[in-house]
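J.: Structure below; questions to follow.
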Amino acid sequence: MDVSGSVNATSMLINKSPVIDTNANIFGGRVQATTGFGTAYYASSGSSIQFLCQNVAFYRVSVYATNASTSGGIGIYNFIGLNKNGGGGPNPIVLTLATVGTISWSFAYAASGANDTTVTVNTTTAYDQGTRVIVERLY
């Protein structure tokens, strides 16, 4: 706070120099926008979005979907990439931070190269306004 009692928005930022996830490597869907904190993807209902979860990288993934502007769902997740070891290793660690509304998506995992994992966000046909995924690489 400054001396007048108002909040300085810049001092409230947790990450003053955000990392833009230039390594998100979208395979499905299309890039909607690159923001200061990550990459946003859009998929129509019934399709999927894929992004690369690199070994030892830390991500926040936000997913939301809406239908006729009257219903929808939101999910926020943390991902830690683990060594997929060409397919023989573990899937990423996923922590569900919050979900609200009707969840219309699921995650699937496949090896990508020697150490990384391709994460697929599969959507259902229930949401006519599509699904949006924001991938933020935090570390």
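In the structure tokens, each chain is lettered A, B, ... as it comes, each chain's residues begin at 1, and ligands are numbered from 1 in order of appearance.
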Which residues are near segment 128-132 of chain A? Cut-off 9 Å, only C-alpha atoms, ignore same chain within fewer than 6 positions. Put them as a list in words.
T.: Gln32, Ala40, Tyr41, Tyr42, Ala43, Ser44, Ser45, Gly46, Ser47, Ser48, Ile49, Ser62, Val63, Tyr64, Ala65, Thr66, Asn67, Ala68, Ser69, Ser104 and Trp105 of chain A
J.: Find the spatial neighbours of Ser106 of chain A, counting only C-alpha atoms, within a cut-off of 8 Å - ignore same-chain residues fewer than 6 positions away - and output them as a PDB file with N, CA and C atoms, in the first residue's frame.
T.:
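Output file result29.pdb follows:
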ATOM      1  N   VAL A 121      -6.159 -33.130 -23.565  1.00  0.00           N
ATOM      2  CA  VAL A 121      -7.384 -32.744 -22.873  1.00  0.00           C
ATOM      3  C   VAL A 121      -8.519 -33.135 -23.817  1.00  0.00           C
ATOM      4  N   ASN A 122      -9.235 -34.206 -23.479  1.00  0.00           N
ATOM      5  CA  ASN A 122     -10.347 -34.690 -24.294  1.00  0.00           C
ATOM      6  C   ASN A 122     -11.628 -34.026 -23.820  1.00  0.00           C
ATOM      7  N   THR A 123     -12.376 -33.450 -24.756  1.00  0.00           N
ATOM      8  CA  THR A 123     -13.623 -32.780 -24.409  1.00  0.00           C
ATOM      9  C   THR A 123     -14.804 -33.628 -24.848  1.00  0.00           C
TER      10      THR A 123
END
J.: I'd like the neighbourhood of segment 113-117 of chain A as number ranges by chain, where a residue qualifies if any of its atoms comes within 10 Å (using only C-alpha atoms), though same-chain residues fewer than 2 positions away should be ignored.
T.: A: 51-57, 81-92, 108-111, 119-120
J.: So the first atom is atom CA of Gly75 of chain A and the second is atom CA of Leu97 of chain A; what is the distance between them in Å, to one decimal place?
T.: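 These atoms are spaced 7.6 Å apart.
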J.: By how many Å are atom CA of Val100 of chain A and atom CA of Thr70 of chain A apart?
T.: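 Computed distance, atom CA of Val100 of chain A to atom CA of Thr70 of chain A, equals 14.1 Å.
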